[in-house]
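**Q** Next comes the structure file upload_9.pdb, holding PDB, C-alpha atoms, pLDDT in the B column.
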ATOM      1  CA  MET A   1       0.000   0.000   0.000  1.00 76.00           C
ATOM      2  CA  ASN A   2       2.940   2.338   0.667  1.00 84.00           C
ATOM      3  CA  CYS A   3       5.168   1.892  -2.420  1.00 89.00           C
ATOM      4  CA  SER A   4       2.670   0.285  -4.882  1.00 88.00           C
ATOM      5  CA  LYS A   5       5.055  -2.577  -5.629  1.00 87.00           C
ATOM      6  CA  LYS A   6       3.584  -5.308  -7.821  1.00 90.00           C
ATOM      7  CA  LEU A   7       3.701  -8.477  -5.745  1.00 88.00           C
ATOM      8  CA  LEU A   8       5.436 -11.576  -7.111  1.00 90.00           C
ATOM      9  CA  TRP A   9       3.935 -15.059  -6.990  1.00 93.00           C
ATOM     10  CA  HIS A  10       5.980 -16.112  -3.970  1.00 91.00           C
ATOM     11  CA  GLU A  11       4.736 -13.038  -2.073  1.00 90.00           C
ATOM     12  CA  LEU A  12       1.123 -14.117  -2.503  1.00 91.00           C
ATOM     13  CA  ILE A  13       1.128 -17.501  -0.765  1.00 93.00           C
ATOM     14  CA  PRO A  14      -1.408 -17.273   2.071  1.00 93.00           C
ATOM     15  CA  VAL A  15       0.136 -17.047   5.558  1.00 94.00           C
ATOM     16  CA  PHE A  16       3.576 -18.353   4.484  1.00 94.00           C
ATOM     17  CA  SER A  17       4.468 -15.247   2.449  1.00 94.00           C
ATOM     18  CA  PHE A  18       3.697 -13.035   5.447  1.00 94.00           C
ATOM     19  CA  ILE A  19       5.987 -15.165   7.611  1.00 93.00           C
ATOM     20  CA  GLY A  20       8.716 -15.238   4.950  1.00 93.00           C
ATOM     21  CA  LEU A  21       8.595 -11.459   4.557  1.00 92.00           C
ATOM     22  CA  ARG A  22       8.523 -11.063   8.355  1.00 92.00           C
ATOM     23  CA  GLY A  23       5.461  -8.896   8.046  1.00 92.00           C
ATOM     24  CA  ARG A  24       7.129  -6.184   5.966  1.00 92.00           C
ATOM     25  CA  CYS A  25       7.250  -5.116   2.321  1.00 90.00           C
ATOM     26  CA  SER A  26      10.341  -6.449   0.537  1.00 88.00           C
ATOM     27  CA  VAL A  27      11.025  -3.035  -1.063  1.00 89.00           C
ATOM     28  CA  CYS A  28      10.056  -0.192   1.277  1.00 91.00           C
ATOM     29  CA  LYS A  29      10.013  -2.297   4.479  1.00 90.00           C
ATOM     30  CA  SER A  30       6.673  -0.806   5.563  1.00 92.00           C
ATOM     31  CA  LYS A  31       4.697  -2.997   7.963  1.00 93.00           C
ATOM     32  CA  ILE A  32       2.048  -5.302   6.494  1.00 90.00           C
ATOM     33  CA  SER A  33      -1.156  -5.510   8.514  1.00 91.00           C
ATOM     34  CA  ALA A  34      -1.629  -8.730  10.492  1.00 92.00           C
ATOM     35  CA  GLN A  35      -5.193  -8.707   9.182  1.00 92.00           C
ATOM     36  CA  TYR A  36      -3.993 -10.416   5.990  1.00 93.00           C
ATOM     37  CA  PRO A  37      -2.580 -13.661   7.465  1.00 95.00           C
ATOM     38  CA  ILE A  38      -5.380 -13.789  10.051  1.00 95.00           C
ATOM     39  CA  VAL A  39      -8.093 -13.619   7.367  1.00 95.00           C
ATOM     40  CA  GLU A  40      -6.178 -16.092   5.193  1.00 96.00           C
ATOM     41  CA  LEU A  41      -5.887 -18.527   8.082  1.00 96.00           C
ATOM     42  CA  LEU A  42      -9.561 -18.159   9.011  1.00 96.00           C
ATOM     43  CA  SER A  43     -10.556 -18.678   5.375  1.00 96.00           C
ATOM     44  CA  GLY A  44      -8.526 -21.881   5.188  1.00 96.00           C
ATOM     45  CA  MET A  45     -10.052 -23.157   8.420  1.00 96.00           C
ATOM     46  CA  ILE A  46     -13.578 -22.388   7.209  1.00 97.00           C
ATOM     47  CA  PHE A  47     -13.007 -24.110   3.855  1.00 97.00           C
ATOM     48  CA  ALA A  48     -11.462 -27.168   5.551  1.00 97.00           C
ATOM     49  CA  LEU A  49     -14.298 -27.459   8.084  1.00 97.00           C
ATOM     50  CA  LEU A  50     -16.914 -27.139   5.335  1.00 97.00           C
ATOM     51  CA  PHE A  51     -15.178 -29.932   3.440  1.00 96.00           C
ATOM     52  CA  TRP A  52     -15.264 -31.994   6.638  1.00 95.00           C
ATOM     53  CA  LYS A  53     -19.002 -31.355   6.963  1.00 94.00           C
ATOM     54  CA  PHE A  54     -19.762 -32.420   3.377  1.00 94.00           C
ATOM     55  CA  GLN A  55     -17.164 -35.174   3.021  1.00 93.00           C
ATOM     56  CA  ASP A  56     -19.838 -37.892   2.776  1.00 92.00           C
ATOM     57  CA  VAL A  57     -21.401 -36.051  -0.177  1.00 91.00           C
ATOM     58  CA  PHE A  58     -17.954 -35.820  -1.781  1.00 92.00           C
ATOM     59  CA  LEU A  59     -17.541 -39.597  -1.592  1.00 91.00           C
ATOM     60  CA  LEU A  60     -21.023 -40.322  -2.940  1.00 91.00           C
ATOM     61  CA  ASP A  61     -21.594 -37.663  -5.613  1.00 91.00           C
ATOM     62  CA  THR A  62     -18.779 -35.342  -6.675  1.00 92.00           C
ATOM     63  CA  LEU A  63     -21.031 -33.101  -8.783  1.00 92.00           C
ATOM     64  CA  THR A  64     -23.518 -32.535  -5.945  1.00 92.00           C
ATOM     65  CA  PHE A  65     -20.612 -31.871  -3.597  1.00 94.00           C
ATOM     66  CA  THR A  66     -19.143 -29.300  -5.999  1.00 94.00           C
ATOM     67  CA  PHE A  67     -22.319 -27.196  -6.115  1.00 94.00           C
ATOM     68  CA  THR A  68     -22.982 -27.552  -2.385  1.00 94.00           C
ATOM     69  CA  TYR A  69     -19.430 -26.749  -1.366  1.00 96.00           C
ATOM     70  CA  ALA A  70     -19.162 -23.800  -3.773  1.00 96.00           C
ATOM     71  CA  TYR A  71     -22.436 -22.325  -2.487  1.00 96.00           C
ATOM     72  CA  TYR A  72     -21.566 -22.496   1.200  1.00 97.00           C
ATOM     73  CA  THR A  73     -17.945 -21.406   0.816  1.00 97.00           C
ATOM     74  CA  LEU A  74     -19.239 -18.350  -1.054  1.00 97.00           C
ATOM     75  CA  LEU A  75     -21.755 -17.554   1.689  1.00 97.00           C
ATOM     76  CA  PHE A  76     -19.284 -17.921   4.529  1.00 97.00           C
ATOM     77  CA  SER A  77     -16.628 -15.966   2.613  1.00 97.00           C
ATOM     78  CA  ILE A  78     -19.097 -13.068   2.445  1.00 97.00           C
ATOM     79  CA  LEU A  79     -19.825 -13.489   6.165  1.00 97.00           C
ATOM     80  CA  LEU A  80     -16.111 -13.445   6.959  1.00 97.00           C
ATOM     81  CA  THR A  81     -15.730 -10.236   4.946  1.00 97.00           C
ATOM     82  CA  ILE A  82     -18.657  -8.675   6.809  1.00 97.00           C
ATOM     83  CA  SER A  83     -17.135  -9.709  10.144  1.00 95.00           C
ATOM     84  CA  VAL A  84     -13.736  -8.178   9.387  1.00 95.00           C
ATOM     85  CA  TYR A  85     -15.287  -4.967   8.070  1.00 95.00           C
ATOM     86  CA  ASP A  86     -17.551  -4.622  11.109  1.00 93.00           C
ATOM     87  CA  PHE A  87     -14.634  -5.351  13.421  1.00 90.00           C
ATOM     88  CA  ARG A  88     -12.519  -2.597  11.852  1.00 90.00           C
ATOM     89  CA  HIS A  89     -15.145   0.046  11.075  1.00 91.00           C
ATOM     90  CA  LYS A  90     -18.100  -0.758  13.392  1.00 88.00           C
ATOM     91  CA  ILE A  91     -20.485  -0.899  10.436  1.00 91.00           C
ATOM     92  CA  ILE A  92     -21.911  -3.605   8.170  1.00 93.00           C
ATOM     93  CA  PRO A  93     -21.949  -2.686   4.449  1.00 93.00           C
ATOM     94  CA  ASP A  94     -25.508  -2.817   3.105  1.00 94.00           C
ATOM     95  CA  ASN A  95     -24.382  -4.173  -0.264  1.00 96.00           C
ATOM     96  CA  LEU A  96     -22.723  -7.211   1.326  1.00 96.00           C
ATOM     97  CA  SER A  97     -25.768  -7.895   3.526  1.00 95.00           C
ATOM     98  CA  LEU A  98     -27.983  -7.601   0.442  1.00 96.00           C
ATOM     99  CA  ILE A  99     -25.884 -10.012  -1.621  1.00 97.00           C
ATOM    100  CA  PHE A 100     -25.744 -12.472   1.272  1.00 97.00           C
ATOM    101  CA  GLY A 101     -29.488 -12.179   1.910  1.00 96.00           C
ATOM    102  CA  VAL A 102     -30.368 -12.772  -1.751  1.00 97.00           C
ATOM    103  CA  LEU A 103     -28.099 -15.839  -1.950  1.00 97.00           C
ATOM    104  CA  ALA A 104     -29.484 -17.229   1.316  1.00 96.00           C
ATOM    105  CA  PHE A 105     -33.055 -16.698   0.053  1.00 96.00           C
ATOM    106  CA  ILE A 106     -32.282 -18.482  -3.220  1.00 94.00           C
ATOM    107  CA  GLY A 107     -30.810 -21.319  -1.160  1.00 94.00           C
ATOM    108  CA  LEU A 108     -34.257 -21.928   0.370  1.00 92.00           C
ATOM    109  CA  PHE A 109     -35.267 -23.480  -2.952  1.00 92.00           C
ATOM    110  CA  PHE A 110     -32.161 -25.622  -3.422  1.00 92.00           C
ATOM    111  CA  PHE A 111     -30.657 -26.461  -0.024  1.00 88.00           C
ATOM    112  CA  LEU A 112     -33.176 -27.892   2.443  1.00 81.00           C
ATOM    113  CA  ASP A 113     -31.322 -28.823   5.657  1.00 76.00           C
ATOM    114  CA  PHE A 114     -28.110 -28.222   3.657  1.00 78.00           C
ATOM    115  CA  ASN A 115     -28.946 -30.937   1.075  1.00 80.00           C
ATOM    116  CA  LEU A 116     -28.876 -30.046  -2.634  1.00 80.00           C
ATOM    117  CA  GLY A 117     -32.068 -30.457  -4.657  1.00 80.00           C
ATOM    118  CA  PHE A 118     -35.100 -28.433  -5.727  1.00 80.00           C
ATOM    119  CA  TYR A 119     -37.610 -27.748  -2.977  1.00 82.00           C
ATOM    120  CA  LEU A 120     -40.737 -25.694  -2.424  1.00 84.00           C
ATOM    121  CA  PRO A 121     -40.043 -24.014   0.918  1.00 84.00           C
ATOM    122  CA  GLY A 122     -42.744 -23.988   3.548  1.00 85.00           C
ATOM    123  CA  LEU A 123     -44.078 -20.863   5.220  1.00 87.00           C
ATOM    124  CA  TRP A 124     -41.771 -21.280   8.229  1.00 86.00           C
ATOM    125  CA  ASN A 125     -38.750 -21.396   5.934  1.00 87.00           C
ATOM    126  CA  PHE A 126     -39.675 -17.965   4.580  1.00 91.00           C
ATOM    127  CA  LEU A 127     -40.498 -16.575   8.025  1.00 91.00           C
ATOM    128  CA  ALA A 128     -37.230 -17.724   9.664  1.00 90.00           C
ATOM    129  CA  GLY A 129     -35.380 -14.653   8.397  1.00 92.00           C
ATOM    130  CA  PRO A 130     -37.923 -11.935   9.328  1.00 93.00           C
ATOM    131  CA  ILE A 131     -38.727 -13.461  12.725  1.00 91.00           C
ATOM    132  CA  ILE A 132     -35.087 -13.630  13.813  1.00 90.00           C
ATOM    133  CA  ALA A 133     -34.327 -10.149  12.416  1.00 93.00           C
ATOM    134  CA  LEU A 134     -37.342  -8.476  14.067  1.00 93.00           C
ATOM    135  CA  PRO A 135     -36.047  -8.506  17.690  1.00 91.00           C
ATOM    136  CA  LEU A 136     -32.737  -6.950  16.602  1.00 90.00           C
ATOM    137  CA  ALA A 137     -34.575  -4.299  14.595  1.00 92.00           C
ATOM    138  CA  LEU A 138     -36.746  -3.510  17.645  1.00 93.00           C
ATOM    139  CA  MET A 139     -33.632  -3.210  19.831  1.00 90.00           C
ATOM    140  CA  TRP A 140     -32.191  -0.747  17.323  1.00 89.00           C
ATOM    141  CA  LEU A 141     -35.455   1.211  17.166  1.00 90.00           C
ATOM    142  CA  LEU A 142     -36.128   1.384  20.905  1.00 89.00           C
ATOM    143  CA  SER A 143     -32.542   2.335  21.795  1.00 85.00           C
ATOM    144  CA  GLY A 144     -31.977   4.759  18.962  1.00 84.00           C
ATOM    145  CA  GLY A 145     -29.077   2.597  17.805  1.00 77.00           C
ATOM    146  CA  THR A 146     -27.210   2.459  21.131  1.00 77.00           C
ATOM    147  CA  TRP A 147     -27.946  -1.210  21.898  1.00 78.00           C
ATOM    148  CA  MET A 148     -27.798  -2.642  18.406  1.00 81.00           C
ATOM    149  CA  GLY A 149     -27.065  -1.384  14.900  1.00 84.00           C
ATOM    150  CA  LEU A 150     -29.651  -1.733  12.154  1.00 89.00           C
ATOM    151  CA  GLY A 151     -27.004  -3.510  10.072  1.00 91.00           C
ATOM    152  CA  ASP A 152     -27.137  -6.441  12.491  1.00 91.00           C
ATOM    153  CA  ALA A 153     -30.870  -6.848  11.833  1.00 92.00           C
ATOM    154  CA  LYS A 154     -30.301  -6.726   8.066  1.00 94.00           C
ATOM    155  CA  LEU A 155     -27.618  -9.398   8.383  1.00 95.00           C
ATOM    156  CA  ALA A 156     -29.843 -11.529  10.626  1.00 94.00           C
ATOM    157  CA  LEU A 157     -32.459 -11.703   7.869  1.00 95.00           C
ATOM    158  CA  GLY A 158     -30.111 -13.714   5.660  1.00 96.00           C
ATOM    159  CA  LEU A 159     -28.797 -15.761   8.589  1.00 95.00           C
ATOM    160  CA  GLY A 160     -32.335 -16.893   9.373  1.00 94.00           C
ATOM    161  CA  TRP A 161     -32.836 -18.054   5.808  1.00 95.00           C
ATOM    162  CA  LEU A 162     -29.443 -19.774   5.828  1.00 94.00           C
ATOM    163  CA  LEU A 163     -30.000 -21.836   8.972  1.00 92.00           C
ATOM    164  CA  GLY A 164     -33.789 -22.069   9.184  1.00 88.00           C
ATOM    165  CA  PHE A 165     -35.760 -22.574  12.384  1.00 82.00           C
ATOM    166  CA  ASN A 166     -33.978 -25.830  13.182  1.00 80.00           C
ATOM    167  CA  PHE A 167     -30.681 -24.137  13.974  1.00 87.00           C
ATOM    168  CA  ILE A 168     -30.975 -20.342  13.968  1.00 86.00           C
ATOM    169  CA  PHE A 169     -32.073 -19.944  17.596  1.00 86.00           C
ATOM    170  CA  PHE A 170     -29.093 -21.891  18.898  1.00 88.00           C
ATOM    171  CA  GLY A 171     -26.824 -19.933  16.584  1.00 90.00           C
ATOM    172  CA  PHE A 172     -28.127 -16.665  18.037  1.00 88.00           C
ATOM    173  CA  LEU A 173     -27.835 -17.991  21.578  1.00 89.00           C
ATOM    174  CA  LEU A 174     -24.147 -18.751  20.925  1.00 90.00           C
ATOM    175  CA  SER A 175     -23.732 -15.273  19.409  1.00 91.00           C
ATOM    176  CA  PHE A 176     -25.088 -13.458  22.450  1.00 89.00           C
ATOM    177  CA  TRP A 177     -23.217 -15.696  24.904  1.00 91.00           C
ATOM    178  CA  SER A 178     -19.869 -15.269  23.159  1.00 90.00           C
ATOM    179  CA  GLY A 179     -20.447 -11.528  22.715  1.00 87.00           C
ATOM    180  CA  ALA A 180     -21.344 -11.094  26.380  1.00 87.00           C
ATOM    181  CA  ILE A 181     -18.346 -13.106  27.607  1.00 90.00           C
ATOM    182  CA  LEU A 182     -15.787 -11.333  25.411  1.00 86.00           C
ATOM    183  CA  GLY A 183     -17.359  -7.923  25.955  1.00 82.00           C
ATOM    184  CA  SER A 184     -17.291  -8.375  29.723  1.00 84.00           C
ATOM    185  CA  ALA A 185     -13.673  -9.558  29.596  1.00 85.00           C
ATOM    186  CA  LEU A 186     -12.640  -6.509  27.532  1.00 81.00           C
ATOM    187  CA  ILE A 187     -14.330  -4.149  29.989  1.00 80.00           C
ATOM    188  CA  ILE A 188     -12.770  -5.858  33.009  1.00 83.00           C
ATOM    189  CA  PHE A 189      -9.231  -6.451  31.761  1.00 80.00           C
ATOM    190  CA  THR A 190      -8.521  -3.574  29.358  1.00 78.00           C
ATOM    191  CA  ARG A 191      -8.464   0.182  29.729  1.00 74.00           C
ATOM    192  CA  LYS A 192      -9.662   0.822  26.176  1.00 72.00           C
ATOM    193  CA  TYR A 193     -13.173  -0.524  26.679  1.00 70.00           C
ATOM    194  CA  ARG A 194     -15.832   0.817  29.023  1.00 69.00           C
ATOM    195  CA  ILE A 195     -19.491   0.033  29.657  1.00 62.00           C
ATOM    196  CA  LYS A 196     -20.539   2.405  26.861  1.00 65.00           C
ATOM    197  CA  SER A 197     -17.923   1.176  24.369  1.00 68.00           C
ATOM    198  CA  GLU A 198     -19.094  -0.092  21.009  1.00 75.00           C
ATOM    199  CA  ILE A 199     -18.286  -3.739  20.339  1.00 81.00           C
ATOM    200  CA  PRO A 200     -19.052  -5.041  16.810  1.00 88.00           C
ATOM    201  CA  PHE A 201     -21.685  -7.769  16.947  1.00 89.00           C
ATOM    202  CA  ALA A 202     -21.446  -9.171  13.398  1.00 92.00           C
ATOM    203  CA  PRO A 203     -18.374 -11.349  14.181  1.00 94.00           C
ATOM    204  CA  PHE A 204     -20.312 -13.000  17.011  1.00 93.00           C
ATOM    205  CA  LEU A 205     -23.400 -13.481  14.819  1.00 93.00           C
ATOM    206  CA  VAL A 206     -21.231 -15.142  12.179  1.00 95.00           C
ATOM    207  CA  LEU A 207     -19.405 -17.292  14.736  1.00 94.00           C
ATOM    208  CA  GLY A 208     -22.656 -18.547  16.269  1.00 93.00           C
ATOM    209  CA  THR A 209     -24.129 -19.185  12.835  1.00 94.00           C
ATOM    210  CA  PHE A 210     -21.084 -21.108  11.635  1.00 95.00           C
ATOM    211  CA  LEU A 211     -20.968 -23.330  14.752  1.00 93.00           C
ATOM    212  CA  ALA A 212     -24.703 -24.064  14.549  1.00 92.00           C
ATOM    213  CA  PHE A 213     -24.335 -24.810  10.818  1.00 93.00           C
ATOM    214  CA  LEU A 214     -21.246 -26.974  11.224  1.00 92.00           C
ATOM    215  CA  PHE A 215     -22.401 -29.120  14.116  1.00 89.00           C
ATOM    216  CA  GLU A 216     -26.174 -28.797  13.524  1.00 85.00           C
ATOM    217  CA  PHE A 217     -26.909 -27.768  17.106  1.00 74.00           C
ATOM    218  CA  ARG A 218     -30.617 -27.551  17.917  1.00 67.00           C
ATOM    219  CA  ILE A 219     -31.727 -25.401  20.822  1.00 60.00           C
ATOM    220  CA  PHE A 220     -34.616 -27.655  21.822  1.00 56.00           C
TER     221      PHE A 220
END
Would you mind writing the file's structure down as structure tokens?

**A**
Amino acid sequence: MNCSKKLLWHELIPVFSFIGLRGRCSVCKSKISAQYPIVELLSGMIFALLFWKFQDVFLLDTLTFTFTYAYYTLLFSILLTISVYDFRHKIIPDNLSLIFGVLAFIGLFFFLDFNLGFYLPGLWNFLAGPIIALPLALMWLLSGGTWMGLGDAKLALGLGWLLGFNFIFFGFLLSFWSGAILGSALIIFTRKYRIKSEIPFAPFLVLGTFLAFLFEFRIF
């Protein structure tokens, strides 16, 4: 970013190039943000865990696996991008939430309980998104945006369609638990955060969603 050097192939290997360069540009020696290897590592972990989840499909039907894997890696790549952006800027881009929501809605017709096919979704499948987004939107409205951002409600709409009623409530329970635990720890053990500090919620929403999706946790 500092000297506009065109990177060579060996400077573009995820994680390893950052280590080899010792976190600095090979020309101007300016520091490279640790965000890059962290996001690369998280991406690799997500892709590997998704392969683990759908490995039985891979062994039975490679074509079905290809479409299923491509769809969910795309969705969770968008969610990872949203998480990083919210973490850095305390805002969720509307265009990313829109793209994710549209893809999740389309998935209602092709991925019932994460299985590829063509389905006619039931009423509850359609309502999963609005019902889970409504409480967050009310929190934003009643607090004037101090408790919750409206972007979280927009994101929750797509998350509801992604997980459905079977898993979304447990995913949100994990989100609030993890957010409360980390937020409390930051307030107690750091000087930077106080009771009124803003803590981005999208990373916790995505974490809870991914765990519920991966392990198919049901709240009931």

**Q** Atom CA of A:Ala104 and atom CA of A:Gly158, how far apart in Å?

**A**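 Computing the Euclidean distance for atom CA of A:Gly158 and atom CA of A:Ala104 yields 5.6 Å.
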
**Q** Between A:Leu182, A:Leu60, A:Leu49, A:Ile38, single out the one closest to A:Ile19, counting all atoms listed in the file.

**A**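 Of all the options, A:Ile38 lies closest to A:Ile19.
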
**Q** Under the rule that all atoms listed in the file are counted, which of A:Ile132, A:Leu127, A:Ile13, A:Ala212 is the nearest residue to A:Phe105?

**A** A:Leu127

**Q** Give me, as a list of chain:residue names, all polymer residues having an atom no more than 9 Å from stretch 143-148 of chain A, counting only C-alpha atoms and skipping those fewer than 4 positions away in the same chain.

**A**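 Close residues of stretch 143-148 of chain A: A:Leu136, A:Ala137, A:Leu138, A:Met139, A:Asp152, A:Ala153, A:Lys196, A:Glu198, A:Phe201.
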
**Q** Report the residues retrieved by the PyMOL selection byres ((chain A and resi 112) around 12) from the displayed file, expressed as a PDB file with C-alpha atoms, in the coordinates of the input.

**A**
ATOM      1  CA  THR A  68     -22.982 -27.552  -2.385  1.00 94.00           C
ATOM      2  CA  ALA A 104     -29.484 -17.229   1.316  1.00 96.00           C
ATOM      3  CA  PHE A 105     -33.055 -16.698   0.053  1.00 96.00           C
ATOM      4  CA  ILE A 106     -32.282 -18.482  -3.220  1.00 94.00           C
ATOM      5  CA  GLY A 107     -30.810 -21.319  -1.160  1.00 94.00           C
ATOM      6  CA  LEU A 108     -34.257 -21.928   0.370  1.00 92.00           C
ATOM      7  CA  PHE A 109     -35.267 -23.480  -2.952  1.00 92.00           C
ATOM      8  CA  PHE A 110     -32.161 -25.622  -3.422  1.00 92.00           C
ATOM      9  CA  PHE A 111     -30.657 -26.461  -0.024  1.00 88.00           C
ATOM     10  CA  ASP A 113     -31.322 -28.823   5.657  1.00 76.00           C
ATOM     11  CA  PHE A 114     -28.110 -28.222   3.657  1.00 78.00           C
ATOM     12  CA  ASN A 115     -28.946 -30.937   1.075  1.00 80.00           C
ATOM     13  CA  LEU A 116     -28.876 -30.046  -2.634  1.00 80.00           C
ATOM     14  CA  GLY A 117     -32.068 -30.457  -4.657  1.00 80.00           C
ATOM     15  CA  PHE A 118     -35.100 -28.433  -5.727  1.00 80.00           C
ATOM     16  CA  TYR A 119     -37.610 -27.748  -2.977  1.00 82.00           C
ATOM     17  CA  LEU A 120     -40.737 -25.694  -2.424  1.00 84.00           C
ATOM     18  CA  PRO A 121     -40.043 -24.014   0.918  1.00 84.00           C
ATOM     19  CA  GLY A 122     -42.744 -23.988   3.548  1.00 85.00           C
ATOM     20  CA  ASN A 125     -38.750 -21.396   5.934  1.00 87.00           C
ATOM     21  CA  TRP A 161     -32.836 -18.054   5.808  1.00 95.00           C
ATOM     22  CA  LEU A 162     -29.443 -19.774   5.828  1.00 94.00           C
ATOM     23  CA  LEU A 163     -30.000 -21.836   8.972  1.00 92.00           C
ATOM     24  CA  GLY A 164     -33.789 -22.069   9.184  1.00 88.00           C
ATOM     25  CA  PHE A 165     -35.760 -22.574  12.384  1.00 82.00           C
ATOM     26  CA  ASN A 166     -33.978 -25.830  13.182  1.00 80.00           C
TER      27      ASN A 166
END

**Q** One decimal, in Å: what's the spacing between atom CA of A:Ile92 and atom CA of A:Gly151?

**A**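 Value for the atom CA of A:Ile92-atom CA of A:Gly151 distance: 5.4 Å.
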
**Q** Which residues fall under the PyMOL selection byres ((chain A and resi 209) around 12) in this file, as a PyMOL selection string?

**A** chain A and resi 75-76+79-80+155-156+158-164+166-176+178+202-208+210-218

**Q** Would you pick out the contacts of A:Ala34 at 10 Å or less, using only C-alpha atoms, so that residues sharing its chain but fewer than 6 positions from it are not included, and give the list as a list in words?

**A**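 With the cut-off at 10 Å, the set is Val15, Phe18 and Gly23 of chain A.
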
**Q** Pull C-alpha atoms from the residues just selected and write them as an mmCIF file, in the coordinates of the input.

**A**
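The result, written out as out-v8.cif:
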data_model
loop_
_atom_site.group_PDB
_atom_site.id
_atom_site.type_symbol
_atom_site.label_atom_id
_atom_site.label_comp_id
_atom_site.auth_asym_id
_atom_site.auth_seq_id
_atom_site.Cartn_x
_atom_site.Cartn_y
_atom_site.Cartn_z
ATOM 1 C CA VAL A 15 0.136 -17.047 5.558
ATOM 2 C CA PHE A 18 3.697 -13.035 5.447
ATOM 3 C CA GLY A 23 5.461 -8.896 8.046
#

**Q** Could you list the residues chosen by the PyMOL selection byres ((chain A and resi 25) around 12) in this structure as an MDAnalysis selection string?

**A** chainID A and resid 1:8 11:12 17:24 26:33

**Q** Please indicate the distance in Å from atom CA of A:Thr73 to atom CA of A:Ile91, rounded to one decimal place.

**A**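 Taking atom CA of A:Thr73 as the start and atom CA of A:Ile91 as the end point, the length is 22.8 Å.
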
**Q** Residues at most 9 Å from A:Ile199, counting all atoms listed in the file, excluding those fewer than 5 positions away in the same chain, as a list in words?

**A**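 Answer for this query is Phe87, Lys90, Gly179, Gly183 and Tyr193 of chain A.
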
**Q** For the residues in that selection, give me C-alpha atoms as a short mmCIF file (atom, residue, chain, number, x, y, z; two decimals), in the coordinates of the input.

**A**
data_model
loop_
_atom_site.label_atom_id
_atom_site.label_comp_id
_atom_site.auth_asym_id
_atom_site.auth_seq_id
_atom_site.Cartn_x
_atom_site.Cartn_y
_atom_site.Cartn_z
CA PHE A 87 -14.63 -5.35 13.42
CA LYS A 90 -18.10 -0.76 13.39
CA GLY A 179 -20.45 -11.53 22.72
CA GLY A 183 -17.36 -7.92 25.96
CA TYR A 193 -13.17 -0.52 26.68
#

**Q** When distances are computed from all atoms listed in the file, which of A:Asp86, A:Pro93, A:Glu40, A:Tyr69 shows the smallest separation from A:Lys53?

**A**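 Closest to A:Lys53, using all atoms listed in the file: A:Tyr69.
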
**Q** Nearest residue to A:Ser43 out of A:Leu157, A:Ile131, A:Ile78, A:Ile99, using all atoms listed in the file?

**A**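 That would be A:Ile78, the residue with the smallest distance to A:Ser43.
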
**Q** Around stretch 16-23 of chain A, with edges along x, y and z and 4 Å added on all six sides, what centre and edge lengths do you get, in Å to one decimal, as lines of an AutoDock Vina configuration file?

**A**
center_x = 6.1
center_y = -13.6
center_z = 5.4
size_x = 13.1
size_y = 17.5
size_z = 13.9

**Q** Tell me which of A:Val102, A:Leu42, A:Ala128, A:Leu150 sits closest to A:Thr81, counting all atoms listed in the file.

**A**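 Using all atoms listed in the file, A:Thr81 sits closest to A:Leu42.
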
**Q** Got a sec to write stretch 84-95 of chain A of the block to a file, N, CA and C atoms, as an mmCIF file, in the first residue's frame?

**A**
data_model
loop_
_atom_site.group_PDB
_atom_site.id
_atom_site.type_symbol
_atom_site.label_atom_id
_atom_site.label_comp_id
_atom_site.auth_asym_id
_atom_site.auth_seq_id
_atom_site.Cartn_x
_atom_site.Cartn_y
_atom_site.Cartn_z
ATOM 1 N N VAL A 84 -14.972 -8.965 9.334
ATOM 2 C CA VAL A 84 -13.736 -8.178 9.387
ATOM 3 C C VAL A 84 -14.041 -6.700 9.223
ATOM 4 N N TYR A 85 -14.943 -6.375 8.304
ATOM 5 C CA TYR A 85 -15.287 -4.967 8.070
ATOM 6 C C TYR A 85 -15.957 -4.364 9.306
ATOM 7 N N ASP A 86 -16.873 -5.116 9.909
ATOM 8 C CA ASP A 86 -17.551 -4.622 11.109
ATOM 9 C C ASP A 86 -16.570 -4.483 12.269
ATOM 10 N N PHE A 87 -15.634 -5.414 12.355
ATOM 11 C CA PHE A 87 -14.634 -5.351 13.421
ATOM 12 C C PHE A 87 -13.772 -4.096 13.299
ATOM 13 N N ARG A 88 -13.419 -3.731 12.073
ATOM 14 C CA ARG A 88 -12.519 -2.597 11.852
ATOM 15 C C ARG A 88 -13.253 -1.260 11.844
ATOM 16 N N HIS A 89 -14.478 -1.235 11.302
ATOM 17 C CA HIS A 89 -15.145 0.046 11.075
ATOM 18 C C HIS A 89 -16.447 0.208 11.852
ATOM 19 N N LYS A 90 -16.860 -0.813 12.597
ATOM 20 C CA LYS A 90 -18.100 -0.758 13.392
ATOM 21 C C LYS A 90 -19.327 -0.494 12.524
ATOM 22 N N ILE A 91 -19.333 -1.043 11.325
ATOM 23 C CA ILE A 91 -20.485 -0.899 10.436
ATOM 24 C C ILE A 91 -20.526 -2.095 9.487
ATOM 25 N N ILE A 92 -21.730 -2.495 9.096
ATOM 26 C CA ILE A 92 -21.911 -3.605 8.170
ATOM 27 C C ILE A 92 -22.341 -3.038 6.825
ATOM 28 N N PRO A 93 -21.576 -3.237 5.760
ATOM 29 C CA PRO A 93 -21.949 -2.686 4.449
ATOM 30 C C PRO A 93 -23.278 -3.259 3.959
ATOM 31 N N ASP A 94 -24.182 -2.382 3.565
ATOM 32 C CA ASP A 94 -25.508 -2.817 3.105
ATOM 33 C C ASP A 94 -25.413 -3.698 1.865
ATOM 34 N N ASN A 95 -24.467 -3.387 0.970
ATOM 35 C CA ASN A 95 -24.382 -4.173 -0.264
ATOM 36 C C ASN A 95 -23.991 -5.621 0.012
#
